[in-house]
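K.L.:
Quick one, start00.cif (mmCIF, C-alpha atoms):
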data_work
loop_
_atom_site.label_atom_id
_atom_site.label_comp_id
_atom_site.auth_asym_id
_atom_site.auth_seq_id
_atom_site.Cartn_x
_atom_site.Cartn_y
_atom_site.Cartn_z
CA ALA A 563 -45.86 -57.24 -20.72
CA THR A 564 -45.20 -59.04 -17.45
CA CYS A 565 -42.54 -61.21 -19.12
CA LYS A 566 -40.86 -58.20 -20.62
CA MET A 567 -40.71 -56.49 -17.21
CA ALA A 568 -39.31 -59.62 -15.57
CA ALA A 569 -36.65 -59.91 -18.27
CA ALA A 570 -35.67 -56.27 -17.87
CA PHE A 571 -35.46 -56.65 -14.08
CA ALA A 572 -33.26 -59.75 -14.46
CA ALA A 573 -30.95 -57.86 -16.81
CA ILE A 574 -30.61 -55.02 -14.31
CA VAL A 575 -29.82 -57.45 -11.50
CA THR A 576 -27.19 -59.14 -13.66
CA LEU A 577 -25.58 -55.79 -14.53
CA VAL A 578 -25.47 -54.72 -10.88
CA ALA A 579 -23.95 -58.03 -9.84
CA THR A 580 -21.30 -57.70 -12.55
CA LEU A 581 -20.30 -54.17 -11.50
CA CYS A 582 -20.45 -54.57 -7.73
CA GLY A 583 -19.45 -58.20 -7.22
CA ASP A 584 -21.01 -59.94 -4.22
CA ALA A 585 -24.60 -58.72 -3.68
CA SER A 586 -24.97 -59.75 -0.05
CA GLY A 587 -24.15 -56.20 1.19
CA LEU A 588 -21.88 -57.57 3.92
CA VAL A 589 -18.55 -57.69 2.07
CA PRO A 590 -17.60 -54.79 -0.25
CA ALA A 591 -16.69 -55.92 -3.73
CA ARG A 592 -13.23 -55.14 -5.10
CA GLY A 593 -13.11 -51.54 -6.25
CA THR A 594 -16.12 -50.43 -4.14
CA LEU A 595 -16.65 -48.73 -0.79
CA ALA A 596 -19.57 -49.76 1.45
CA VAL A 597 -21.65 -46.86 2.80
CA GLY A 598 -24.52 -48.17 4.93
CA ALA A 599 -26.43 -50.58 2.75
CA ARG A 600 -25.10 -48.95 -0.47
CA ARG A 601 -22.04 -49.66 -2.52
CA VAL A 602 -20.12 -46.69 -3.90
CA PRO A 603 -17.49 -47.19 -6.62
CA HIS A 604 -14.06 -46.23 -5.21
CA ARG A 605 -11.31 -47.39 -7.59
CA PRO A 606 -11.97 -49.10 -10.94
CA ALA A 607 -12.21 -52.87 -10.65
CA ARG A 608 -9.71 -55.02 -12.48
CA SER A 609 -12.39 -55.92 -15.01
CA CYS A 610 -13.13 -52.24 -15.64
CA VAL A 611 -13.13 -51.10 -19.23
CA TYR A 612 -11.21 -47.79 -19.41
CA ALA A 613 -12.45 -44.95 -21.52
CA SER A 614 -8.93 -44.33 -22.85
CA ASP A 615 -5.36 -45.61 -22.59
CA ALA A 616 -4.45 -42.46 -20.64
CA ASP A 617 -6.97 -43.35 -17.91
CA GLN A 618 -5.55 -46.87 -17.68
CA GLU A 619 -1.97 -45.55 -17.44
CA ALA A 620 -2.98 -43.06 -14.73
CA ASP A 621 -4.60 -45.80 -12.69
CA ALA A 622 -1.51 -47.99 -13.09
CA ARG A 623 0.76 -45.18 -11.90
CA PHE A 624 -1.46 -44.63 -8.87
CA ALA A 625 -1.36 -48.33 -8.00
CA ALA A 626 2.45 -48.33 -8.29
CA PHE A 627 2.63 -45.29 -6.03
CA VAL A 628 0.49 -47.02 -3.38
CA ARG A 629 2.69 -50.13 -3.50
CA ALA A 630 5.88 -48.06 -3.15
CA GLN A 631 4.39 -46.10 -0.26
CA ARG A 632 3.43 -49.30 1.54
CA LYS A 633 6.94 -50.72 1.00
CA ASN A 634 8.56 -47.60 2.45
CA ARG A 635 6.35 -47.72 5.51
CA GLU A 636 7.23 -51.36 6.09
CA LEU A 637 10.93 -50.50 5.79
CA ALA A 638 10.60 -47.60 8.24
CA GLU A 639 8.99 -49.89 10.82
CA THR A 640 12.04 -52.20 10.75
CA LEU A 641 14.54 -49.39 11.48
CA ALA A 642 15.63 -48.07 14.84
CA PRO A 643 13.71 -44.99 16.05
CA ASP A 644 16.70 -42.67 15.41
CA GLU A 645 17.27 -43.85 11.87
CA ASP A 646 15.83 -42.50 8.65
CA PRO A 647 15.43 -44.58 5.47
CA ALA A 648 17.15 -41.93 3.36
CA TYR A 649 19.88 -40.56 5.65
CA PRO A 650 20.39 -42.75 8.73
CA PRO A 651 22.71 -40.74 11.01
CA SER A 652 24.35 -43.88 12.38
CA ALA A 653 25.39 -45.10 8.94
CA SER A 654 28.68 -44.32 7.24
CA ASP A 655 28.99 -42.94 3.73
CA SER A 656 29.67 -46.42 2.38
CA ASP A 657 26.60 -47.83 4.18
CA ARG A 658 24.44 -45.17 2.54
CA ASP A 659 25.86 -46.05 -0.86
CA MET A 660 26.54 -42.36 -1.38
CA PRO A 661 29.73 -40.64 -2.57
CA SER A 662 31.86 -39.14 0.16
CA VAL A 663 31.58 -35.35 0.40
CA GLN A 664 34.88 -33.58 0.94
CA ALA A 665 35.00 -30.35 2.94
CA VAL A 666 35.61 -27.31 0.76
CA GLU A 667 37.54 -24.32 2.02
CA PRO A 668 35.15 -21.34 1.91
CA ALA A 669 35.99 -18.61 -0.54
CA SER A 670 37.52 -15.40 0.73
CA PRO A 671 35.07 -12.51 1.30
CA LEU A 672 36.45 -10.78 -1.79
CA GLN A 673 35.87 -13.85 -3.98
CA ALA A 674 32.45 -14.51 -2.46
CA SER A 675 31.30 -10.95 -3.09
CA ALA A 676 32.62 -10.69 -6.66
CA PRO A 677 29.53 -12.08 -8.48
CA THR A 678 27.07 -10.01 -6.43
CA VAL A 679 26.33 -6.34 -5.92
CA ARG A 680 27.28 -5.20 -2.43
CA VAL A 681 26.12 -2.06 -0.64
CA GLY A 682 28.78 -0.06 1.17
CA VAL A 683 28.10 2.93 3.40
CA ALA A 684 30.83 5.51 4.09
CA ALA A 685 30.85 8.50 6.45
CA LEU A 686 32.00 11.99 5.52
CA VAL A 687 32.66 13.14 9.08
CA ARG A 688 33.16 16.86 9.75
CA SER A 689 34.31 18.63 12.91
CA PRO A 690 33.86 22.24 14.11
CA GLU A 691 37.48 22.07 15.25
CA HIS A 692 38.62 21.25 11.69
CA PRO A 693 36.54 23.39 9.30
CA GLY A 694 36.56 22.36 5.67
CA CYS A 695 38.05 18.96 6.55
CA ILE A 696 36.83 15.36 6.56
CA LEU A 697 38.01 12.41 8.63
CA LEU A 698 40.22 9.84 6.85
CA ASN A 699 42.18 6.77 7.79
CA ARG A 700 44.96 4.94 5.99
CA ARG A 701 44.17 1.28 5.58
CA ARG A 702 46.72 -1.38 6.38
CA GLY A 703 44.99 -4.26 4.59
CA LYS A 704 44.91 -7.90 5.75
CA GLY A 705 43.96 -9.82 2.62
CA GLY A 706 40.54 -10.91 1.36
CA SER A 707 38.03 -8.06 1.36
CA GLU A 708 40.40 -6.12 3.65
CA ALA A 709 42.80 -5.85 0.70
CA LEU A 710 40.48 -3.32 -0.90
CA GLY A 711 42.25 0.02 -0.62
CA ALA A 712 45.26 -1.32 1.29
CA GLY A 713 47.75 1.50 1.84
CA ALA A 714 45.34 4.15 0.56
CA TYR A 715 43.36 6.83 2.37
CA GLY A 716 39.69 6.08 2.82
CA LEU A 717 36.57 6.99 4.76
CA PRO A 718 35.16 5.19 7.80
CA GLY A 719 32.36 2.84 6.90
CA GLY A 720 31.50 -0.71 5.93
CA HIS A 721 28.87 -3.02 4.49
CA LEU A 722 25.19 -2.38 5.03
CA GLU A 723 23.70 -5.16 7.15
CA TYR A 724 20.31 -6.76 6.55
CA GLY A 725 17.43 -4.55 7.73
CA GLU A 726 19.75 -1.63 8.53
CA GLN A 727 19.19 2.01 7.56
CA PHE A 728 22.06 3.98 6.01
CA ALA A 729 22.33 6.31 9.01
CA GLU A 730 22.28 3.36 11.41
CA CYS A 731 25.10 1.72 9.48
CA VAL A 732 27.20 4.90 9.73
CA ALA A 733 26.60 5.21 13.47
CA ARG A 734 27.52 1.54 14.01
CA GLU A 735 30.70 1.69 11.93
CA LEU A 736 31.92 4.90 13.61
CA ARG A 737 31.32 3.34 17.02
CA GLU A 738 33.19 0.15 16.08
CA GLU A 739 36.09 1.77 14.23
CA ALA A 740 36.62 5.08 16.02
CA GLY A 741 34.72 4.89 19.31
CA LEU A 742 32.41 7.75 18.26
CA ASP A 743 28.82 8.01 19.47
CA LEU A 744 26.66 9.74 16.86
CA ASP A 745 22.91 10.13 16.66
CA PRO A 746 21.65 8.46 13.45
CA GLY A 747 19.07 11.23 13.22
CA ALA A 748 21.88 13.74 12.64
CA VAL A 749 23.30 11.84 9.66
CA VAL A 750 22.15 12.91 6.18
CA LEU A 751 22.56 11.51 2.67
CA GLY A 752 25.37 13.08 0.67
CA HIS A 753 25.96 11.19 -2.58
CA VAL A 754 25.69 7.71 -4.15
CA THR A 755 28.11 6.11 -6.60
CA ASN A 756 27.92 2.93 -8.66
CA ALA A 757 31.39 1.40 -8.33
CA VAL A 758 32.08 -1.32 -10.91
CA ALA A 759 35.80 -2.17 -10.87
CA ALA A 760 36.06 -3.04 -14.55
CA GLU A 761 34.36 0.19 -15.58
CA LEU A 762 36.51 2.28 -13.24
CA ARG A 763 39.68 0.79 -14.70
CA SER A 764 38.51 1.63 -18.20
CA ARG A 765 38.34 5.33 -17.37
CA GLY A 766 42.10 5.67 -17.06
CA GLY A 767 44.00 8.15 -14.93
CA ALA A 768 44.17 8.20 -11.14
CA LEU A 769 40.77 6.55 -10.78
CA ALA A 770 41.89 3.56 -12.84
CA ASP A 771 45.10 3.34 -10.80
CA ALA A 772 43.07 3.26 -7.57
CA ALA A 773 40.99 0.29 -8.80
CA LEU A 774 43.84 -1.50 -10.57
CA ASP A 775 44.86 -3.89 -7.78
CA GLU A 776 41.52 -4.32 -6.04
CA GLY A 777 40.23 -7.30 -7.99
CA ASP A 778 36.71 -7.61 -9.37
CA TYR A 779 33.81 -6.05 -7.48
CA HIS A 780 30.59 -4.12 -7.86
CA TYR A 781 29.61 -1.78 -5.04
CA VAL A 782 26.81 0.67 -4.60
CA CYS A 783 28.49 3.21 -2.32
CA VAL A 784 26.32 5.44 -0.18
CA PHE A 785 28.12 8.47 1.26
CA MET A 786 26.55 9.98 4.38
CA VAL A 787 27.49 13.34 5.95
CA CYS A 788 27.59 13.99 9.69
CA ASP A 789 29.10 16.38 12.23
CA LEU A 790 31.27 15.27 15.13
CA PRO A 791 30.35 16.76 18.53
CA ARG A 792 33.05 18.95 20.09
CA ASP A 793 33.53 16.64 23.07
CA GLN A 794 34.33 13.57 20.90
CA HIS A 795 37.55 12.61 19.15
CA PRO A 796 38.24 9.54 16.99
CA ARG A 797 40.27 6.70 18.47
CA ASP A 798 42.04 3.96 16.57
CA LEU A 799 40.11 0.89 17.74
CA GLU A 800 41.23 -1.32 14.85
CA PRO A 801 45.02 -0.86 14.62
CA ASP A 802 45.36 -4.03 12.54
CA ARG A 803 43.20 -2.43 9.85
CA SER A 804 43.93 1.26 10.20
CA ALA A 805 47.11 3.30 10.58
CA GLY A 806 45.21 6.01 12.45
CA TRP A 807 42.76 8.86 11.88
CA GLU A 808 43.64 12.15 10.20
CA TRP A 809 41.76 15.33 9.28
CA HIS A 810 42.29 16.51 5.69
CA GLU A 811 40.85 19.39 3.68
CA TRP A 812 38.22 18.27 1.18
CA ARG A 813 39.78 20.41 -1.55
CA ASN A 814 43.30 19.15 -0.83
CA LEU A 815 43.05 15.44 -0.10
CA PRO A 816 46.15 13.24 0.26
CA THR A 817 47.10 10.47 -2.13
CA PRO A 818 46.65 7.69 -2.82
CA LEU A 819 42.88 7.49 -2.29
CA ASP A 820 41.03 4.21 -2.27
CA ALA A 821 38.84 3.60 -5.33
CA ARG A 822 35.54 4.47 -3.69
CA LEU A 823 36.70 7.82 -2.36
CA ALA A 824 38.56 8.51 -5.63
CA GLN A 825 35.34 7.93 -7.57
CA LEU A 826 33.43 10.29 -5.27
CA VAL A 827 36.06 13.00 -5.75
CA ALA A 828 35.94 12.50 -9.54
CA GLU A 829 32.15 12.70 -9.75
CA ALA A 830 31.56 15.46 -7.19
CA PRO A 831 32.26 18.49 -9.46
CA ALA A 832 29.83 17.31 -12.15
CA VAL A 833 26.94 17.11 -9.66
CA GLY A 834 28.06 20.04 -7.52
CA PHE A 835 28.62 17.92 -4.43
CA ASP A 836 30.70 19.37 -1.60
CA PRO A 837 30.46 17.54 1.75
CA THR A 838 31.63 20.62 3.65
CA ALA A 839 28.60 22.54 2.38
CA VAL A 840 25.92 19.97 3.23
CA VAL A 841 23.52 21.05 5.96
CA CYS A 842 23.00 18.39 8.62
#
Could you show the structure in this file as structure tokens?

P.N.:
Amino acid sequence: ATCKMAAAFAAIVTLVATLCGDASGLVPARGTLAVGARRVPHRPARSCVYASDADQEADARFAAFVRAQRKNRELAETLAPDEDPAYPPSASDSDRDMPSVQAVEPASPLQASAPTVRVGVAALVRSPEHPGCILLNRRRGKGGSEALGAGAYGLPGGHLEYGEQFAECVARELREEAGLDLDPGAVVLGHVTNAVAAELRSRGGALADAALDEGDYHYVCVFMVCDLPRDQHPRDLEPDRSAGWEWHEWRNLPTPLDARLAQLVAEAPAVGFDPTAVVC
């Protein structure tokens, strides 16, 4: 029995020595991590028998990653402090071995907005001095997005900015375009249209004519109604864009109308919308 125990003990010692390498406890064997007087396996030793080919491939990929990481660190240490291994600012395009990037002229606002849905907010401004009328301007047009509605009568308004409420947008646009100071709390929602240029042109008639030369666009147009205080009058603050402000009766509007206003006029009877009857 004693011999059998001694043989078993010797076999255990041999197995431990094979797995852990040096048994002195002072120098960790390859693939182990010393913790106190113990040895804890860390990464498989080179002589390790893998359970599967996938485990062996994973370990090889990890080893390659560690070597590449070490090489990159060594390269970074040889560079000047203001240089980066990937994009050194002091290097030219040829030094970086990268193709030269040519500056591209940005697309016009009209082209840039064509693939996306934009939100426009327009003001149906009324005045106690001009009952039954709304405020219009005749656009001059400057090209790009300013070409929309050039030469046609339209409403004051513009694009909704990020984080802005509809009433706030109306108040801002009236201040910028006509020098009017309105309380956003006195501005109410009137009507909303979905203006898709291609669909408007397919309808035919005056509405198609209004959208004919305005390119491709898709606008969600929000029409807000507000009353102008008696002591305020619109001023032409953007003469390069507008030919001036005019009051016109809602039921007898001038022509031509820009596409957005023309669409509102076309849809208003079906939904019973009349801006002069809205209560603010």

K.L.:
Can you measure atom CA of Arg763 of chain A to atom CA of Ala832 of chain A for me? One decimal in Å is fine.

P.N.:
19.4 Å

K.L.:
Kindly resolve the PyMOL selection byres ((chain A and resi 790) around 7) on the present coordinates and return the residues as a PyMOL selection string.

P.N.:
chain A and resi 687-689+788-789+791-792+794

K.L.:
Any chance you could work out the residue set of the PyMOL selection byres ((chain A and resi 682) around 9) here, as a PDB file with C-alpha atoms, in the coordinates of the input?

P.N.:
ATOM      1  CA  ARG A 680      27.280  -5.200  -2.430  1.00  0.00           C
ATOM      2  CA  VAL A 681      26.120  -2.060  -0.640  1.00  0.00           C
ATOM      3  CA  VAL A 683      28.100   2.930   3.400  1.00  0.00           C
ATOM      4  CA  ALA A 684      30.830   5.510   4.090  1.00  0.00           C
ATOM      5  CA  GLY A 719      32.360   2.840   6.900  1.00  0.00           C
ATOM      6  CA  GLY A 720      31.500  -0.710   5.930  1.00  0.00           C
ATOM      7  CA  HIS A 721      28.870  -3.020   4.490  1.00  0.00           C
ATOM      8  CA  LEU A 722      25.190  -2.380   5.030  1.00  0.00           C
ATOM      9  CA  TYR A 781      29.610  -1.780  -5.040  1.00  0.00           C
ATOM     10  CA  VAL A 782      26.810   0.670  -4.600  1.00  0.00           C
ATOM     11  CA  CYS A 783      28.490   3.210  -2.320  1.00  0.00           C
ATOM     12  CA  VAL A 784      26.320   5.440  -0.180  1.00  0.00           C
ATOM     13  CA  PHE A 785      28.120   8.470   1.260  1.00  0.00           C
TER      14      PHE A 785
END

K.L.:
What separation in Å, quoted to one decimal, exists between atom CA of Ala685 of chain A and atom CA of Val787 of chain A?

P.N.:
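It comes out at 5.9 Å.
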
K.L.:
Of the candidates A:Pro693, A:Pro796, A:Arg701, A:Thr817, which shows the shortest atom-to-atom distance to Leu744 of chain A, using all atoms listed in the file?

P.N.:
A:Pro796

K.L.:
If you measure from atom CA of Leu819 of chain A to atom CA of Val750 of chain A, what distance in Å do you get, rounded to one decimal?

P.N.:
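These atoms are spaced 23.0 Å apart.
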
K.L.:
Considering all atoms listed in the file, can you say which of A:Leu799, A:Cys842, A:Ala626, A:Leu762 comes closest to Ala824 of chain A?

P.N.:
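Of the candidates, the smallest distance to Ala824 of chain A is held by A:Leu762.
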
K.L.:
Select, from A:Ser764, A:Gly752, A:Trp809, A:Arg623, the residue with the minimum atom-to-atom distance to Ala830 of chain A, counting all atoms listed in the file.

P.N.:
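Among A:Ser764, A:Gly752, A:Trp809, A:Arg623, it is A:Gly752 that comes nearest to Ala830 of chain A.
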